[in-house]
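Peer 1: query_36.cif (mmCIF, C-alpha atoms (C1' of nucleotides)) pasted underneath:
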data_target
#
loop_
_atom_site.label_atom_id
_atom_site.label_comp_id
_atom_site.auth_asym_id
_atom_site.auth_seq_id
_atom_site.Cartn_x
_atom_site.Cartn_y
_atom_site.Cartn_z
CA MET A 1 7.48 -26.93 -3.63
CA LYS A 2 10.31 -28.77 -5.26
CA MET A 3 13.67 -30.03 -4.07
CA SER A 4 16.81 -29.39 -6.10
CA GLY A 5 17.45 -32.20 -8.56
CA GLY A 6 21.10 -32.17 -7.57
CA VAL A 7 20.19 -33.86 -4.31
CA GLU A 8 19.51 -37.11 -6.13
CA TRP A 9 22.88 -36.99 -7.86
CA GLY A 10 24.69 -36.18 -4.64
CA LEU A 11 23.10 -39.12 -2.84
CA HIS A 12 23.98 -41.53 -5.64
CA CYS A 13 27.56 -40.28 -5.56
CA CYS A 14 27.80 -40.78 -1.79
CA VAL A 15 26.50 -44.34 -2.15
CA VAL A 16 29.05 -45.36 -4.76
CA LEU A 17 31.80 -43.57 -2.86
CA SER A 18 31.04 -45.52 0.29
CA GLY A 19 33.47 -48.24 1.16
CA SER A 20 36.45 -47.07 -0.87
CA GLY A 21 38.73 -44.39 0.48
CA GLU A 22 40.27 -43.85 -2.93
CA PRO A 23 39.48 -40.44 -4.47
CA VAL A 24 37.28 -40.41 -7.57
CA PRO A 25 37.28 -37.43 -9.98
CA ALA A 26 34.02 -35.59 -10.53
CA ALA A 27 34.18 -36.25 -14.27
CA ARG A 28 34.30 -39.99 -13.63
CA LEU A 29 31.29 -39.83 -11.35
CA ALA A 30 29.40 -37.82 -13.96
CA GLU A 31 30.14 -40.33 -16.71
CA PHE A 32 29.11 -43.18 -14.46
CA HIS A 33 25.72 -41.61 -13.78
CA ASP A 34 25.36 -40.12 -17.25
CA VAL A 35 24.74 -36.59 -16.01
CA SER A 36 26.21 -33.17 -16.73
CA ALA A 37 29.81 -33.18 -15.52
CA THR A 38 30.03 -29.46 -14.87
CA TYR A 39 26.80 -29.34 -12.91
CA LEU A 40 27.60 -32.39 -10.85
CA ALA A 41 30.86 -30.66 -9.95
CA LYS A 42 28.79 -27.92 -8.38
CA GLN A 43 26.96 -30.36 -6.14
CA LEU A 44 30.20 -32.01 -5.09
CA GLN A 45 31.59 -28.63 -4.19
CA ALA A 46 28.60 -28.11 -1.94
CA LEU A 47 29.25 -31.44 -0.27
CA SER A 48 32.87 -30.45 0.17
CA ARG A 49 31.90 -27.12 1.75
CA ALA A 50 29.68 -29.01 4.19
CA GLY A 51 32.57 -31.28 5.12
CA LEU A 52 30.93 -34.48 3.93
CA VAL A 53 33.53 -35.23 1.27
CA ARG A 54 37.20 -34.42 1.05
CA SER A 55 38.64 -33.18 -2.22
CA THR A 56 42.24 -33.81 -3.23
CA GLN A 57 43.75 -32.04 -6.20
CA GLY A 58 46.38 -33.07 -8.63
CA GLN A 59 46.84 -35.96 -10.95
CA ALA A 60 45.37 -38.68 -8.74
CA GLY A 61 42.84 -36.37 -7.09
CA GLY A 62 39.10 -36.53 -6.72
CA TYR A 63 36.43 -36.83 -4.05
CA ALA A 64 36.13 -39.25 -1.16
CA LEU A 65 33.90 -39.46 1.91
CA THR A 66 35.35 -37.96 5.08
CA ARG A 67 33.44 -40.29 7.38
CA PRO A 68 32.19 -43.89 7.30
CA ALA A 69 28.97 -44.19 5.33
CA ALA A 70 27.17 -45.38 8.45
CA GLU A 71 27.84 -42.01 10.07
CA ILE A 72 26.44 -39.88 7.24
CA SER A 73 22.71 -39.35 7.26
CA VAL A 74 20.61 -38.62 4.21
CA LEU A 75 19.55 -35.39 5.88
CA GLU A 76 23.11 -34.11 5.91
CA VAL A 77 23.43 -34.60 2.17
CA VAL A 78 20.07 -32.97 1.51
CA GLU A 79 20.88 -29.96 3.65
CA ALA A 80 24.34 -29.59 2.14
CA ILE A 81 22.98 -29.36 -1.40
CA ASP A 82 19.46 -28.01 -1.01
CA GLY A 83 20.14 -25.75 1.95
CA ALA A 84 19.08 -26.07 5.57
CA ASP A 85 16.43 -23.37 5.50
CA PRO A 86 12.89 -24.54 6.31
CA ALA A 87 10.46 -24.66 3.39
CA PHE A 88 8.03 -22.32 5.13
CA ARG A 89 8.99 -18.84 6.16
CA CYS A 90 6.57 -16.83 8.30
CA THR A 91 6.16 -13.24 7.11
CA GLU A 92 4.29 -12.16 10.23
CA VAL A 93 1.03 -11.38 8.51
CA ARG A 94 -0.60 -10.97 11.92
CA GLN A 95 1.40 -7.79 12.45
CA ARG A 96 0.03 -6.16 9.30
CA GLY A 97 -3.25 -4.68 8.20
CA PRO A 98 -5.84 -2.57 10.01
CA LEU A 99 -6.19 -4.98 12.95
CA ALA A 100 -2.50 -5.68 13.28
CA ALA A 101 -1.36 -7.39 16.45
CA ALA A 102 1.10 -5.54 18.65
CA PRO A 103 4.72 -6.59 18.08
CA GLU A 104 5.25 -7.25 21.78
CA ALA A 105 2.40 -9.79 21.66
CA CYS A 106 4.22 -11.76 18.94
CA THR A 107 7.07 -13.17 20.93
CA ARG A 108 6.04 -16.69 20.02
CA PRO A 109 5.55 -17.99 16.48
CA CYS A 110 1.97 -17.95 15.27
CA GLY A 111 -0.07 -21.14 14.99
CA ILE A 112 0.52 -21.50 11.28
CA ALA A 113 4.28 -21.21 11.65
CA ALA A 114 4.18 -23.70 14.52
CA VAL A 115 2.35 -26.30 12.44
CA MET A 116 4.70 -25.83 9.52
CA GLY A 117 7.70 -26.06 11.80
CA ALA A 118 6.46 -29.31 13.30
CA ALA A 119 5.91 -30.81 9.85
CA ASP A 120 9.37 -29.70 8.80
CA ARG A 121 10.89 -31.33 11.87
CA ALA A 122 9.05 -34.59 11.15
CA TRP A 123 10.39 -34.52 7.59
CA ARG A 124 13.96 -33.91 8.71
CA GLU A 125 13.75 -36.53 11.44
CA SER A 126 12.66 -39.05 8.85
CA LEU A 127 15.68 -38.27 6.70
CA ARG A 128 18.04 -38.21 9.65
CA ALA A 129 17.13 -41.80 10.53
CA VAL A 130 18.60 -43.19 7.31
CA THR A 131 22.31 -43.32 6.51
CA ILE A 132 24.30 -43.74 3.32
CA ALA A 133 25.23 -47.20 4.53
CA ASP A 134 21.54 -48.09 4.71
CA LEU A 135 21.11 -47.02 1.11
CA ALA A 136 24.11 -49.08 0.05
CA ALA A 137 22.75 -52.10 1.88
CA ASP A 138 19.44 -51.64 0.10
CA VAL A 139 21.19 -51.68 -3.27
CA THR A 140 23.02 -54.86 -2.33
CA ARG A 141 19.78 -56.49 -1.23
CA THR A 142 17.55 -55.50 -4.12
CA VAL A 143 19.75 -55.26 -7.21
CA GLY A 144 22.54 -57.71 -6.40
CA VAL A 145 25.51 -58.34 -4.18
CA ASP A 146 28.11 -57.53 -6.84
CA THR A 147 26.55 -54.25 -7.96
CA LEU A 148 28.46 -51.89 -5.70
CA PRO A 149 31.83 -53.65 -6.02
CA ARG A 150 31.51 -53.53 -9.79
CA ALA A 151 30.64 -49.86 -9.66
CA ARG A 152 33.66 -49.11 -7.47
CA ALA A 153 35.90 -51.08 -9.80
CA TRP A 154 34.64 -49.10 -12.77
CA LEU A 155 35.16 -45.80 -10.96
CA THR A 156 38.75 -46.56 -9.97
CA ARG A 157 39.93 -48.34 -13.09
CA MET B 158 13.41 -26.23 -1.44
CA LYS B 159 10.83 -23.58 -0.77
CA MET B 160 7.09 -23.52 -0.44
CA SER B 161 4.97 -20.99 -2.25
CA GLY B 162 4.46 -17.87 -0.16
CA GLY B 163 0.79 -17.87 -1.12
CA VAL B 164 0.19 -20.81 1.21
CA GLU B 165 0.57 -18.55 4.22
CA TRP B 166 -1.95 -16.10 2.85
CA GLY B 167 -4.39 -18.86 2.00
CA LEU B 168 -4.22 -20.28 5.50
CA HIS B 169 -4.75 -16.90 7.12
CA CYS B 170 -7.78 -16.36 4.89
CA CYS B 171 -9.25 -19.71 5.83
CA VAL B 172 -8.84 -18.92 9.52
CA VAL B 173 -10.64 -15.59 9.35
CA LEU B 174 -13.31 -17.09 7.12
CA SER B 175 -14.06 -19.81 9.64
CA GLY B 176 -17.24 -19.44 11.60
CA SER B 177 -19.07 -17.02 9.35
CA GLY B 178 -20.91 -18.31 6.30
CA GLU B 179 -21.13 -14.81 4.87
CA PRO B 180 -19.08 -14.34 1.67
CA VAL B 181 -16.11 -11.98 1.86
CA PRO B 182 -14.62 -10.36 -1.29
CA ALA B 183 -11.02 -11.08 -2.16
CA ALA B 184 -10.18 -7.38 -2.11
CA ARG B 185 -11.40 -7.11 1.48
CA LEU B 186 -9.30 -10.07 2.55
CA ALA B 187 -6.28 -8.53 0.85
CA GLU B 188 -6.74 -5.20 2.60
CA PHE B 189 -7.18 -6.93 5.94
CA HIS B 190 -3.89 -8.80 5.55
CA ASP B 191 -2.12 -5.94 3.75
CA VAL B 192 -1.06 -8.05 0.78
CA SER B 193 -1.36 -7.76 -2.99
CA ALA B 194 -5.04 -7.98 -3.89
CA THR B 195 -4.50 -9.37 -7.37
CA TYR B 196 -2.12 -12.06 -6.26
CA LEU B 197 -4.24 -13.12 -3.33
CA ALA B 198 -7.08 -13.52 -5.80
CA LYS B 199 -4.99 -16.12 -7.57
CA GLN B 200 -4.60 -18.16 -4.40
CA LEU B 201 -8.29 -17.96 -3.65
CA GLN B 202 -9.04 -19.21 -7.14
CA ALA B 203 -6.84 -22.20 -6.43
CA LEU B 204 -8.77 -22.87 -3.23
CA SER B 205 -11.99 -22.58 -5.19
CA ARG B 206 -10.78 -25.04 -7.81
CA ALA B 207 -9.93 -27.49 -5.02
CA GLY B 208 -13.43 -27.14 -3.61
CA LEU B 209 -12.36 -25.73 -0.26
CA VAL B 210 -14.11 -22.38 -0.72
CA ARG B 211 -17.21 -21.42 -2.59
CA SER B 212 -17.24 -18.26 -4.66
CA THR B 213 -20.39 -16.23 -5.26
CA GLN B 214 -20.42 -13.45 -7.79
CA GLY B 215 -22.38 -10.24 -7.93
CA GLN B 216 -22.77 -7.32 -5.61
CA ALA B 217 -22.80 -9.19 -2.32
CA GLY B 218 -20.41 -11.90 -3.50
CA GLY B 219 -17.11 -13.17 -2.22
CA TYR B 220 -15.54 -16.30 -0.81
CA ALA B 221 -16.74 -18.57 1.98
CA LEU B 222 -15.70 -21.96 3.27
CA THR B 223 -17.64 -24.89 1.88
CA ARG B 224 -17.16 -27.05 4.98
CA PRO B 225 -16.88 -26.48 8.73
CA ALA B 226 -13.38 -25.38 9.70
CA ALA B 227 -12.97 -28.51 11.80
CA GLU B 228 -13.25 -30.62 8.64
CA ILE B 229 -10.57 -28.77 6.63
CA SER B 230 -7.01 -29.86 7.26
CA VAL B 231 -3.97 -27.66 6.77
CA LEU B 232 -2.70 -30.22 4.29
CA GLU B 233 -5.67 -29.64 2.01
CA VAL B 234 -4.95 -25.93 1.84
CA VAL B 235 -1.24 -26.52 1.22
CA GLU B 236 -1.90 -29.00 -1.57
CA ALA B 237 -4.54 -26.80 -3.16
CA ILE B 238 -2.15 -23.85 -3.47
CA ASP B 239 1.30 -25.39 -3.64
CA GLY B 240 0.34 -28.52 -5.55
CA ALA B 241 0.15 -32.13 -4.42
CA ASP B 242 3.30 -33.33 -6.18
CA PRO B 243 6.02 -34.69 -3.88
CA ALA B 244 9.11 -32.51 -3.49
CA PHE B 245 11.43 -35.26 -4.69
CA ARG B 246 11.11 -36.76 -8.16
CA CYS B 247 13.21 -39.81 -8.98
CA THR B 248 14.85 -39.60 -12.42
CA GLU B 249 15.90 -43.27 -12.43
CA VAL B 250 19.61 -42.62 -12.42
CA ARG B 251 20.19 -46.31 -11.82
CA GLN B 252 19.00 -47.03 -15.37
CA ARG B 253 21.61 -44.75 -16.93
CA GLY B 254 25.35 -44.88 -17.45
CA PRO B 255 27.74 -47.68 -18.39
CA LEU B 256 26.56 -50.01 -15.62
CA ALA B 257 22.86 -49.26 -16.05
CA ALA B 258 20.42 -51.57 -14.33
CA ALA B 259 17.96 -53.43 -16.52
CA PRO B 260 14.53 -51.74 -16.70
CA GLU B 261 12.75 -54.97 -15.74
CA ALA B 262 14.76 -55.01 -12.51
CA CYS B 263 13.43 -51.56 -11.57
CA THR B 264 9.83 -52.39 -10.83
CA ARG B 265 10.16 -51.03 -7.31
CA PRO B 266 11.34 -47.53 -6.44
CA CYS B 267 15.02 -47.30 -5.56
CA GLY B 268 16.19 -46.85 -1.98
CA ILE B 269 16.67 -43.11 -2.34
CA ALA B 270 13.17 -42.60 -3.70
CA ALA B 271 11.77 -44.77 -0.91
CA VAL B 272 13.42 -42.69 1.80
CA MET B 273 12.26 -39.46 0.23
CA GLY B 274 8.75 -40.82 -0.14
CA ALA B 275 8.62 -41.82 3.51
CA ALA B 276 9.78 -38.38 4.61
CA ASP B 277 7.20 -36.76 2.38
CA ARG B 278 4.45 -38.91 3.88
CA ALA B 279 5.56 -38.00 7.40
CA TRP B 280 5.42 -34.33 6.46
CA ARG B 281 1.95 -34.61 4.96
CA GLU B 282 0.66 -36.66 7.86
CA SER B 283 1.82 -33.95 10.22
CA LEU B 284 -0.12 -31.33 8.28
CA ARG B 285 -3.18 -33.52 7.92
CA ALA B 286 -3.49 -33.79 11.71
CA VAL B 287 -4.23 -30.07 12.14
CA THR B 288 -7.42 -28.37 11.03
CA ILE B 289 -8.36 -24.77 10.38
CA ALA B 290 -10.46 -24.91 13.53
CA ASP B 291 -7.34 -25.81 15.51
CA LEU B 292 -5.58 -22.76 14.12
CA ALA B 293 -8.53 -20.54 15.01
CA ALA B 294 -8.57 -21.95 18.53
CA ASP B 295 -4.88 -21.19 18.86
CA VAL B 296 -5.47 -17.58 17.88
CA THR B 297 -8.23 -17.30 20.46
CA ARG B 298 -6.00 -18.79 23.15
CA THR B 299 -2.80 -16.86 22.48
CA VAL B 300 -3.83 -13.46 21.16
CA GLY B 301 -7.24 -12.97 22.73
CA VAL B 302 -10.81 -14.16 22.74
CA ASP B 303 -12.17 -11.18 20.83
CA THR B 304 -9.57 -11.25 18.05
CA LEU B 305 -11.44 -13.42 15.57
CA PRO B 306 -14.87 -11.85 16.17
CA ARG B 307 -13.38 -8.42 15.63
CA ALA B 308 -11.72 -9.60 12.43
CA ARG B 309 -14.98 -11.05 11.14
CA ALA B 310 -16.80 -7.86 12.00
CA TRP B 311 -14.24 -5.82 10.08
CA LEU B 312 -14.48 -8.11 7.08
CA THR B 313 -18.26 -7.98 6.87
CA ARG B 314 -18.81 -4.35 7.73
"C1'" DC C 315 64.29 -28.49 -10.06
"C1'" DT C 316 61.20 -27.67 -14.03
"C1'" DC C 317 57.51 -28.76 -16.51
"C1'" DA C 318 53.28 -30.45 -17.80
"C1'" DA C 319 48.95 -32.47 -16.98
"C1'" DC C 320 45.23 -33.04 -14.20
"C1'" DT C 321 42.23 -31.63 -10.44
"C1'" DC C 322 39.04 -28.54 -7.98
"C1'" DG C 323 36.84 -23.81 -7.13
"C1'" DG C 324 34.29 -19.86 -7.89
"C1'" DA C 325 32.46 -16.62 -11.23
"C1'" DT C 326 29.45 -16.44 -15.44
"C1'" DA C 327 25.02 -17.13 -18.86
"C1'" DA C 328 20.28 -19.59 -20.24
"C1'" DC C 329 16.09 -21.35 -18.63
"C1'" DT C 330 12.18 -22.94 -15.94
"C1'" DT C 331 9.15 -21.71 -12.10
"C1'" DG C 332 7.04 -18.71 -9.08
"C1'" DT C 333 5.45 -13.81 -8.41
"C1'" DG C 334 2.72 -10.06 -9.50
"C1'" DT C 335 -0.60 -7.73 -12.60
"C1'" DC C 336 -4.19 -6.78 -15.84
"C1'" DC C 337 -8.64 -6.82 -18.22
"C1'" DG C 338 -12.85 -9.43 -19.78
"C1'" DA C 339 -17.07 -12.63 -18.50
"C1'" DG C 340 -20.85 -13.31 -15.39
"C1'" DA C 341 -24.25 -12.60 -11.68
"C1'" DA C 342 -27.06 -10.22 -8.21
"C1'" DT C 343 -29.23 -5.97 -7.00
"C1'" DG C 344 -31.91 -1.73 -7.60
"C1'" DC D 345 -33.15 -3.61 -17.93
"C1'" DA D 346 -28.94 -1.22 -16.70
"C1'" DT D 347 -25.43 -0.74 -13.42
"C1'" DT D 348 -22.18 -2.14 -10.24
"C1'" DC D 349 -19.85 -5.37 -8.19
"C1'" DT D 350 -17.71 -9.97 -8.21
"C1'" DC D 351 -14.72 -13.80 -9.94
"C1'" DG D 352 -11.89 -16.17 -13.65
"C1'" DG D 353 -8.34 -16.91 -16.77
"C1'" DA D 354 -4.78 -14.84 -19.75
"C1'" DC D 355 -0.63 -11.69 -19.69
"C1'" DA D 356 4.39 -9.55 -18.17
"C1'" DC D 357 8.14 -9.57 -14.69
"C1'" DA D 358 11.56 -11.45 -11.44
"C1'" DA D 359 13.93 -14.83 -8.91
"C1'" DG D 360 15.89 -19.25 -8.29
"C1'" DT D 361 17.53 -23.25 -10.43
"C1'" DT D 362 20.04 -25.49 -14.11
"C1'" DA D 363 23.88 -25.67 -16.85
"C1'" DT D 364 28.47 -23.96 -18.38
"C1'" DC D 365 33.01 -21.98 -18.67
"C1'" DC D 366 37.73 -20.71 -17.51
"C1'" DG D 367 41.32 -19.69 -13.99
"C1'" DA D 368 44.06 -21.16 -9.50
"C1'" DG D 369 46.36 -24.75 -7.26
"C1'" DT D 370 48.43 -29.24 -6.66
"C1'" DT D 371 50.40 -33.45 -7.74
"C1'" DG D 372 53.35 -36.42 -10.17
"C1'" DA D 373 56.73 -37.35 -13.55
"C1'" DG D 374 60.83 -36.16 -16.26
#
With the file now loaded, output its structure as structure tokens.

Peer 2:
Amino acid sequence: MKMSGGVEWGLHCCVVLSGSGEPVPAARLAEFHDVSATYLAKQLQALSRAGLVRSTQGQAGGYALTRPAAEISVLEVVEAIDGADPAFRCTEVRQRGPLAAAPEACTRPCGIAAVMGAADRAWRESLRAVTIADLAADVTRTVGVDTLPRARAWLTR
Amino acid sequence: MKMSGGVEWGLHCCVVLSGSGEPVPAARLAEFHDVSATYLAKQLQALSRAGLVRSTQGQAGGYALTRPAAEISVLEVVEAIDGADPAFRCTEVRQRGPLAAAPEACTRPCGIAAVMGAADRAWRESLRAVTIADLAADVTRTVGVDTLPRARAWLTR
DNA sequence: CTCAACTCGGATAACTTGTGTCCGAGAATG
DNA sequence: CATTCTCGGACACAAGTTATCCGAGTTGAG
């Protein structure tokens, strides 16, 4: 089980985009993070499709957050890039084989699916409790107060 | 993000194996669940490597649980088959690019990795709280009291 | 108003990982 | 002691992810 690596890039982009409504081109974001520009573009497109960022075209175009960073949860970014489907998908094994259960008896999910669903909900709830603003505040606290302003200045130079 | 489909098979096998110390061949388990025999064998080998099941060879051989079902958590089965690595792997983006952070300042995981780690722990804790015996009890309660005995009888006929 | 330059967006290839399969080594039974 | 059954690791195949490219559209300047 492995999450798409693009999630990390998307979260970093959201953090540096927080606090400045000015659009930043995808190429600039890629150079800042030293990652593949074309592939990062793909992740940003996913964020755009989910409505988390707004893209503007043209000469002074780029990406910007649509909402305040405090109103964007980590879960939203993860689901936008990695998909919202649960990691476990029940294939209804109980309805197969020589002692298969009757379909009408399987109106509720089986015990295994229930456990997996509960774990998935706990995971998502944990990610929903943290916002992009929280991440930005953590950067300010741990690395330095001027880190994010310097990053924004570099991105919009 | 998607979990290996073999996890579901492995869990179903553990449930039907609970309560009877008699070894059951992999081929029999595959026929009972109507799944690929050769691929299920792979999952059972993983369980054997993890020490959850004991394999005996020869004419009356097969697989059996090494411990009581009440002492085997769902998490152990998941980690044995799907691997124990966390879904998110931090690539230290903060140390790359024009404004890279100094390596000596990165002794602690970054905020993003911390959030992901916490979510992963919540997920694992949720799976650790349920045992194979709990799953078996759920089957008995929802589908019928004689379901598991009949399954065991079919497997050891 | 025209043009040019810059931006995003979806469609297109290479690769890693998971999926599925096969045959050989080893042990218990008759 | 031979046979038959079992597991175990090594071998192809497919799908999803990673990475890339070029065209459509828009903005801004001339």

Peer 1: I need the output of the PyMOL selection byres ((chain C and resi 339) around 9) for this file as number ranges by chain; which residues are they?

Peer 2: C: 338, 340; D: 351-352

Peer 1: Residues within 8 Å of DA342 (chain C), please, as a count of residues only. Count only C-alpha atoms (C1' of nucleotides); anything in the same chain fewer than 6 positions from it doesn't count.

Peer 2: 4

Peer 1: Here's the selection I'm unsure about, the PyMOL selection byres ((chain D) within 8 of (chain A)); applied to the file above, which residues does it give, as a PyMOL selection string?

Peer 2: chain D and resi 361-364+369-372

Peer 1: Let me see the file: selected residues, C-alpha atoms (C1' of nucleotides), as an mmCIF file, keeping the file's coordinate frame.

Peer 2:
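again_22.cif, written as the output of this step:
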data_model
loop_
_atom_site.group_PDB
_atom_site.id
_atom_site.type_symbol
_atom_site.label_atom_id
_atom_site.label_comp_id
_atom_site.auth_asym_id
_atom_site.auth_seq_id
_atom_site.Cartn_x
_atom_site.Cartn_y
_atom_site.Cartn_z
ATOM 1 C "C1'" DT D 361 17.530 -23.250 -10.430
ATOM 2 C "C1'" DT D 362 20.040 -25.490 -14.110
ATOM 3 C "C1'" DA D 363 23.880 -25.670 -16.850
ATOM 4 C "C1'" DT D 364 28.470 -23.960 -18.380
ATOM 5 C "C1'" DG D 369 46.360 -24.750 -7.260
ATOM 6 C "C1'" DT D 370 48.430 -29.240 -6.660
ATOM 7 C "C1'" DT D 371 50.400 -33.450 -7.740
ATOM 8 C "C1'" DG D 372 53.350 -36.420 -10.170
#

Peer 1: For chain A, work out the contacting residues on chain B at 8 Å, counting only C-alpha atoms, and write them as a PyMOL selection string.

Peer 2: chain B and resi 158-162+165-166+168+188-191+239-240+243-247+250-251+253-256+262+267-269+272-273+275-277+279-281+283-284+287+292+295-296+300+308

Peer 1: Could you tell me which of C:DG344, C:DG334, C:DT326, C:DT321 comes closest to chain B if we count all atoms listed in the file?

Peer 2: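 The closest residue to chain B is C:DG334.
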
Peer 1: How many Å lie between CA of Lys199 (chain B) and CA of Ala221 (chain B), rounded to one decimal?

Peer 2: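 Between CA of Lys199 (chain B) and CA of Ala221 (chain B) the gap works out to 15.3 Å.
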
Peer 1: Would you fill out region 13-24 of chain A with N, CA, C and O atoms and return it as a PDB file, in the frame of the given file?

Peer 2:
ATOM      1  N   CYS A  13      26.106 -40.352  -5.646  1.00  0.00           N
ATOM      2  CA  CYS A  13      27.560 -40.280  -5.560  1.00  0.00           C
ATOM      3  C   CYS A  13      28.046 -40.768  -4.201  1.00  0.00           C
ATOM      4  O   CYS A  13      29.014 -41.538  -4.113  1.00  0.00           O
ATOM      5  N   CYS A  14      27.390 -40.352  -3.130  1.00  0.00           N
ATOM      6  CA  CYS A  14      27.800 -40.780  -1.790  1.00  0.00           C
ATOM      7  C   CYS A  14      27.702 -42.293  -1.661  1.00  0.00           C
ATOM      8  O   CYS A  14      28.550 -42.930  -1.031  1.00  0.00           O
ATOM      9  N   VAL A  15      26.665 -42.884  -2.261  1.00  0.00           N
ATOM     10  CA  VAL A  15      26.500 -44.340  -2.150  1.00  0.00           C
ATOM     11  C   VAL A  15      27.651 -45.056  -2.836  1.00  0.00           C
ATOM     12  O   VAL A  15      28.250 -45.984  -2.274  1.00  0.00           O
ATOM     13  N   VAL A  16      27.980 -44.645  -4.049  1.00  0.00           N
ATOM     14  CA  VAL A  16      29.050 -45.360  -4.760  1.00  0.00           C
ATOM     15  C   VAL A  16      30.419 -45.037  -4.177  1.00  0.00           C
ATOM     16  O   VAL A  16      31.364 -45.809  -4.351  1.00  0.00           O
ATOM     17  N   LEU A  17      30.518 -43.891  -3.494  1.00  0.00           N
ATOM     18  CA  LEU A  17      31.800 -43.570  -2.860  1.00  0.00           C
ATOM     19  C   LEU A  17      31.990 -44.315  -1.548  1.00  0.00           C
ATOM     20  O   LEU A  17      33.112 -44.379  -1.037  1.00  0.00           O
ATOM     21  N   SER A  18      30.917 -44.864  -1.017  1.00  0.00           N
ATOM     22  CA  SER A  18      31.040 -45.520   0.290  1.00  0.00           C
ATOM     23  C   SER A  18      31.847 -46.798   0.157  1.00  0.00           C
ATOM     24  O   SER A  18      31.713 -47.559  -0.788  1.00  0.00           O
ATOM     25  N   GLY A  19      32.719 -46.992   1.106  1.00  0.00           N
ATOM     26  CA  GLY A  19      33.470 -48.240   1.160  1.00  0.00           C
ATOM     27  C   GLY A  19      34.819 -48.206   0.494  1.00  0.00           C
ATOM     28  O   GLY A  19      35.610 -49.135   0.659  1.00  0.00           O
ATOM     29  N   SER A  20      35.117 -47.156  -0.249  1.00  0.00           N
ATOM     30  CA  SER A  20      36.450 -47.070  -0.870  1.00  0.00           C
ATOM     31  C   SER A  20      37.028 -45.706  -0.597  1.00  0.00           C
ATOM     32  O   SER A  20      36.476 -44.695  -1.017  1.00  0.00           O
ATOM     33  N   GLY A  21      38.132 -45.663   0.136  1.00  0.00           N
ATOM     34  CA  GLY A  21      38.730 -44.390   0.480  1.00  0.00           C
ATOM     35  C   GLY A  21      39.465 -43.718  -0.659  1.00  0.00           C
ATOM     36  O   GLY A  21      39.905 -42.585  -0.541  1.00  0.00           O
ATOM     37  N   GLU A  22      39.545 -44.399  -1.780  1.00  0.00           N
ATOM     38  CA  GLU A  22      40.270 -43.850  -2.930  1.00  0.00           C
ATOM     39  C   GLU A  22      39.508 -42.682  -3.546  1.00  0.00           C
ATOM     40  O   GLU A  22      38.302 -42.781  -3.749  1.00  0.00           O
ATOM     41  N   PRO A  23      40.184 -41.579  -3.874  1.00  0.00           N
ATOM     42  CA  PRO A  23      39.480 -40.440  -4.470  1.00  0.00           C
ATOM     43  C   PRO A  23      39.028 -40.757  -5.896  1.00  0.00           C
ATOM     44  O   PRO A  23      39.736 -41.428  -6.647  1.00  0.00           O
ATOM     45  N   VAL A  24      37.830 -40.238  -6.234  1.00  0.00           N
ATOM     46  CA  VAL A  24      37.280 -40.410  -7.570  1.00  0.00           C
ATOM     47  C   VAL A  24      37.009 -39.031  -8.163  1.00  0.00           C
ATOM     48  O   VAL A  24      36.343 -38.218  -7.525  1.00  0.00           O
TER      49      VAL A  24
END
